[in-house]
>>> print(open('structure18.cif').read())   # mmCIF, C-alpha atoms
data_input
loop_
_atom_site.group_PDB
_atom_site.id
_atom_site.type_symbol
_atom_site.label_atom_id
_atom_site.label_comp_id
_atom_site.auth_asym_id
_atom_site.auth_seq_id
_atom_site.Cartn_x
_atom_site.Cartn_y
_atom_site.Cartn_z
ATOM 1 C CA MET Y 1 12.942 26.809 31.889
ATOM 2 C CA TYR Y 2 12.950 26.943 28.107
ATOM 3 C CA LEU Y 3 15.244 29.119 26.022
ATOM 4 C CA LEU Y 4 14.598 29.257 22.272
ATOM 5 C CA VAL Y 5 17.034 31.148 20.056
ATOM 6 C CA TYR Y 6 16.675 31.761 16.332
ATOM 7 C CA VAL Y 7 19.099 34.217 14.710
ATOM 8 C CA ASP Y 8 18.374 37.411 16.679
ATOM 9 C CA GLU Y 9 15.147 36.365 18.389
ATOM 10 C CA ILE Y 10 15.029 34.828 21.853
ATOM 11 C CA ILE Y 11 12.121 33.343 23.759
ATOM 12 C CA ILE Y 12 12.589 32.638 27.449
ATOM 13 C CA THR Y 13 9.887 31.006 29.529
ATOM 14 C CA GLY Y 14 9.566 28.882 32.600
ATOM 15 C CA SER Y 15 7.798 28.393 35.894
ATOM 16 C CA ASN Y 16 10.430 30.006 38.142
ATOM 17 C CA SER Y 17 10.068 33.812 37.901
ATOM 18 C CA ALA Y 18 13.191 34.528 39.979
ATOM 19 C CA LEU Y 19 15.362 32.331 37.754
ATOM 20 C CA LEU Y 20 13.857 33.882 34.607
ATOM 21 C CA ASN Y 21 14.599 37.396 35.865
ATOM 22 C CA THR Y 22 18.185 36.429 36.761
ATOM 23 C CA ILE Y 23 18.821 34.949 33.312
ATOM 24 C CA ILE Y 24 17.248 37.948 31.558
ATOM 25 C CA HIS Y 25 19.310 40.370 33.668
ATOM 26 C CA LYS Y 26 22.567 38.485 32.915
ATOM 27 C CA MET Y 27 21.786 38.290 29.195
ATOM 28 C CA ASN Y 28 20.831 41.966 29.116
ATOM 29 C CA SER Y 29 24.205 42.908 30.623
ATOM 30 C CA ALA Y 30 26.000 41.072 27.795
ATOM 31 C CA PHE Y 31 23.585 41.810 24.931
ATOM 32 C CA SER Y 32 21.139 44.546 24.109
ATOM 33 C CA LEU Y 33 17.759 42.924 24.763
ATOM 34 C CA LYS Y 34 14.390 44.377 23.858
ATOM 35 C CA HIS Y 35 11.257 43.030 25.549
ATOM 36 C CA LEU Y 36 8.483 42.813 22.952
ATOM 37 C CA GLY Y 37 5.727 41.691 25.320
ATOM 38 C CA ASP Y 38 3.856 38.428 25.423
ATOM 39 C CA LEU Y 39 4.679 35.946 22.699
ATOM 40 C CA ASP Y 40 2.028 35.739 19.980
ATOM 41 C CA TYR Y 41 3.862 34.613 16.818
ATOM 42 C CA PHE Y 42 7.227 32.890 16.308
ATOM 43 C CA LEU Y 43 8.597 31.131 13.210
ATOM 44 C CA GLY Y 44 5.156 30.625 11.668
ATOM 45 C CA ILE Y 45 3.617 29.366 14.898
ATOM 46 C CA GLU Y 46 0.859 31.354 16.586
ATOM 47 C CA VAL Y 47 0.833 31.213 20.381
ATOM 48 C CA LYS Y 48 -2.419 31.822 22.261
ATOM 49 C CA LYS Y 49 -2.921 31.720 26.021
ATOM 50 C CA ILE Y 50 -6.087 30.062 27.230
ATOM 51 C CA ALA Y 51 -7.280 31.050 30.705
ATOM 52 C CA GLN Y 52 -3.688 31.897 31.771
ATOM 53 C CA VAL Y 53 -3.080 28.164 32.244
ATOM 54 C CA PHE Y 54 -2.821 26.580 28.795
ATOM 55 C CA VAL Y 55 -0.931 27.525 25.669
ATOM 56 C CA LEU Y 56 -2.360 26.729 22.235
ATOM 57 C CA LEU Y 57 0.061 26.482 19.318
ATOM 58 C CA THR Y 58 -1.432 26.840 15.841
ATOM 59 C CA GLN Y 59 -0.145 27.434 12.331
ATOM 60 C CA THR Y 60 -3.344 28.748 10.772
ATOM 61 C CA LYS Y 61 -1.663 31.632 8.930
ATOM 62 C CA TYR Y 62 1.225 29.418 7.778
ATOM 63 C CA ILE Y 63 -1.179 26.756 6.468
ATOM 64 C CA ARG Y 64 -3.387 29.352 4.784
ATOM 65 C CA ASN Y 65 -0.318 30.798 3.009
ATOM 66 C CA LEU Y 66 0.703 27.293 1.925
ATOM 67 C CA LEU Y 67 -2.783 26.636 0.525
ATOM 68 C CA ASN Y 68 -2.632 29.941 -1.387
ATOM 69 C CA LYS Y 69 0.835 29.099 -2.736
ATOM 70 C CA THR Y 70 -0.418 25.762 -4.085
ATOM 71 C CA HIS Y 71 -3.738 27.199 -5.367
ATOM 72 C CA MET Y 72 -5.652 24.908 -3.009
ATOM 73 C CA ASP Y 73 -7.250 27.605 -0.871
ATOM 74 C CA GLU Y 74 -10.720 26.733 -2.191
ATOM 75 C CA SER Y 75 -10.338 22.992 -1.506
ATOM 76 C CA SER Y 76 -12.705 21.217 0.860
ATOM 77 C CA PRO Y 77 -11.273 19.639 4.013
ATOM 78 C CA ILE Y 78 -11.599 15.931 4.705
ATOM 79 C CA ASN Y 79 -11.397 14.008 7.985
ATOM 80 C CA SER Y 80 -8.812 11.423 6.964
ATOM 81 C CA PRO Y 81 -6.141 12.717 4.615
ATOM 82 C CA MET Y 82 -4.869 9.284 3.510
ATOM 83 C CA LYS Y 83 -5.624 5.584 3.770
ATOM 84 C CA SER Y 84 -2.951 3.658 5.652
ATOM 85 C CA SER Y 85 -3.025 0.905 3.000
ATOM 86 C CA CYS Y 86 -2.231 3.322 0.154
ATOM 87 C CA LYS Y 87 0.910 2.445 -1.822
ATOM 88 C CA LEU Y 88 2.531 5.346 -3.650
ATOM 89 C CA THR Y 89 4.602 4.634 -6.764
ATOM 90 C CA LYS Y 90 6.215 6.717 -9.454
ATOM 91 C CA HIS Y 91 4.498 4.637 -12.138
ATOM 92 C CA GLY Y 92 1.008 5.558 -13.339
ATOM 93 C CA SER Y 93 1.256 9.244 -12.439
ATOM 94 C CA PRO Y 94 2.289 12.150 -14.594
ATOM 95 C CA THR Y 95 5.851 13.384 -14.127
ATOM 96 C CA ILE Y 96 6.112 16.331 -11.758
ATOM 97 C CA VAL Y 97 6.763 19.348 -13.947
ATOM 98 C CA VAL Y 98 8.319 21.484 -11.190
ATOM 99 C CA PRO Y 99 10.064 19.155 -8.699
ATOM 100 C CA PHE Y 100 11.255 22.160 -6.652
ATOM 101 C CA MET Y 101 7.650 23.111 -5.891
ATOM 102 C CA TYR Y 102 6.852 19.550 -4.767
ATOM 103 C CA ARG Y 103 9.871 19.460 -2.449
ATOM 104 C CA SER Y 104 9.034 22.915 -1.119
ATOM 105 C CA VAL Y 105 5.447 21.945 -0.285
ATOM 106 C CA VAL Y 106 6.489 18.641 1.305
ATOM 107 C CA GLY Y 107 9.068 20.471 3.421
ATOM 108 C CA ALA Y 108 6.427 22.998 4.491
ATOM 109 C CA LEU Y 109 4.074 20.152 5.404
ATOM 110 C CA GLN Y 110 6.811 18.570 7.537
ATOM 111 C CA TYR Y 111 6.929 21.844 9.488
ATOM 112 C CA VAL Y 112 3.123 21.807 9.863
ATOM 113 C CA THR Y 113 3.293 18.447 11.666
ATOM 114 C CA ILE Y 114 4.567 20.350 14.735
ATOM 115 C CA THR Y 115 1.011 21.464 15.459
ATOM 116 C CA ARG Y 116 -0.875 18.922 13.337
ATOM 117 C CA PRO Y 117 0.588 15.507 14.224
ATOM 118 C CA GLU Y 118 -2.402 13.728 12.648
ATOM 119 C CA ILE Y 119 -0.991 14.461 9.171
ATOM 120 C CA ALA Y 120 2.473 13.055 9.988
ATOM 121 C CA TYR Y 121 1.731 9.689 8.367
ATOM 122 C CA SER Y 122 0.600 11.249 5.086
ATOM 123 C CA VAL Y 123 3.488 13.706 5.019
ATOM 124 C CA ASN Y 124 5.946 10.878 5.689
ATOM 125 C CA LYS Y 125 4.478 8.909 2.763
ATOM 126 C CA VAL Y 126 4.901 11.757 0.279
ATOM 127 C CA CYS Y 127 8.456 12.387 1.485
#
>>> encode(input="structure18.cif", output="structure tokens")
Amino acid sequence: MYLLVYVDEIIITGSNSALLNTIIHKMNSAFSLKHLGDLDYFLGIEVKKIAQVFVLLTQTKYIRNLLNKTHMDESSPINSPMKSSCKLTKHGSPTIVVPFMYRSVVGALQYVTITRPEIAYSVNKVC
């Protein structure tokens, strides 16, 4: 069983229906719960069921919003985002005018690695 809680939102799932119903009933007696149906979106992560067996987690909307925020929505995708031999330095590059924006984008990219682990190396480098 998995129980995810964020502020006032709760997701409960598991393979044992009887246990799930017991937990939901006990929580409902202590708190006012509202069943909103099948999970489809939570904390920027889209949840899609495939053939009632698999669950696909994507962040398409979150990534699209990030690309719009950084004015990169018209950029072309590439297969390999970064060479592993690349050495990043603060010398030879212009100073970042808005450091807050850089930190915000890097933080957002760290969150994207939940569903896109192939960019973890690049995101770690820019951190």
>>> atom_distance(input="structure18.cif", atom1="CA of Thr95 in chain Y", atom2="CA of Ala120 in chain Y")
24.4 Å
>>> residues_around(input="structure18.cif", residues="Ile45 in chain Y", least_positions_apart="6", cutoff="12 Å", atoms="all atoms listed in the file", output="VMD selection string")
chain Y and resid 39 55 to 63 111 to 116
>>> closest_residue(input="structure18.cif", among="Y:Ala108, Y:Ile10, Y:Asn65, Y:Ser15", to="Val53 in chain Y", atoms="only C-alpha atoms")
Y:Ser15
>>> residues_around(input="structure18.cif", residues="range 67-81 of chain Y", least_positions_apart="2", cutoff="10 Å", atoms="only C-alpha atoms", output="PyMOL selection string")
chain Y and resi 61-65+83-84+101-102+105+118-119+121-123
>>> axis_aligned_box(input="structure18.cif", around="range 80-91 of chain Y", padding_each_side="3 Å", output="JSON")
{"center_x": -1.3, "center_y": 6.8, "center_z": -2.6, "size_x": 21.0, "size_y": 17.8, "size_z": 25.1}
>>> atom_distance(input="structure18.cif", atom1="CA of Val5 in chain Y", atom2="CA of Tyr41 in chain Y")
14.0 Å
>>> atom_distance(input="structure18.cif", atom1="CA of Leu20 in chain Y", atom2="CA of Lys48 in chain Y")
20.5 Å
>>> residues_near_point(input="structure18.cif", point="(17.3, 34.6, 26.6)", cutoff="10 Å", atoms="all atoms listed in the file", output="list in words")
Tyr2, Leu3, Leu4, Val5, Glu9, Ile10, Ile11, Ile12, Thr13, Leu20, Ile23, Ile24, His25, Lys26, Met27, Asn28, Phe31 and Leu33 of chain Y
>>> write_last_selection(input="structure18.cif", atoms="C-alpha atoms", output="CSV table (one decimal), keeping the file's coordinate frame")
chain,number,residue,atom,x,y,z
Y,2,TYR,CA,13.0,26.9,28.1
Y,3,LEU,CA,15.2,29.1,26.0
Y,4,LEU,CA,14.6,29.3,22.3
Y,5,VAL,CA,17.0,31.1,20.1
Y,9,GLU,CA,15.1,36.4,18.4
Y,10,ILE,CA,15.0,34.8,21.9
Y,11,ILE,CA,12.1,33.3,23.8
Y,12,ILE,CA,12.6,32.6,27.4
Y,13,THR,CA,9.9,31.0,29.5
Y,20,LEU,CA,13.9,33.9,34.6
Y,23,ILE,CA,18.8,34.9,33.3
Y,24,ILE,CA,17.2,37.9,31.6
Y,25,HIS,CA,19.3,40.4,33.7
Y,26,LYS,CA,22.6,38.5,32.9
Y,27,MET,CA,21.8,38.3,29.2
Y,28,ASN,CA,20.8,42.0,29.1
Y,31,PHE,CA,23.6,41.8,24.9
Y,33,LEU,CA,17.8,42.9,24.8
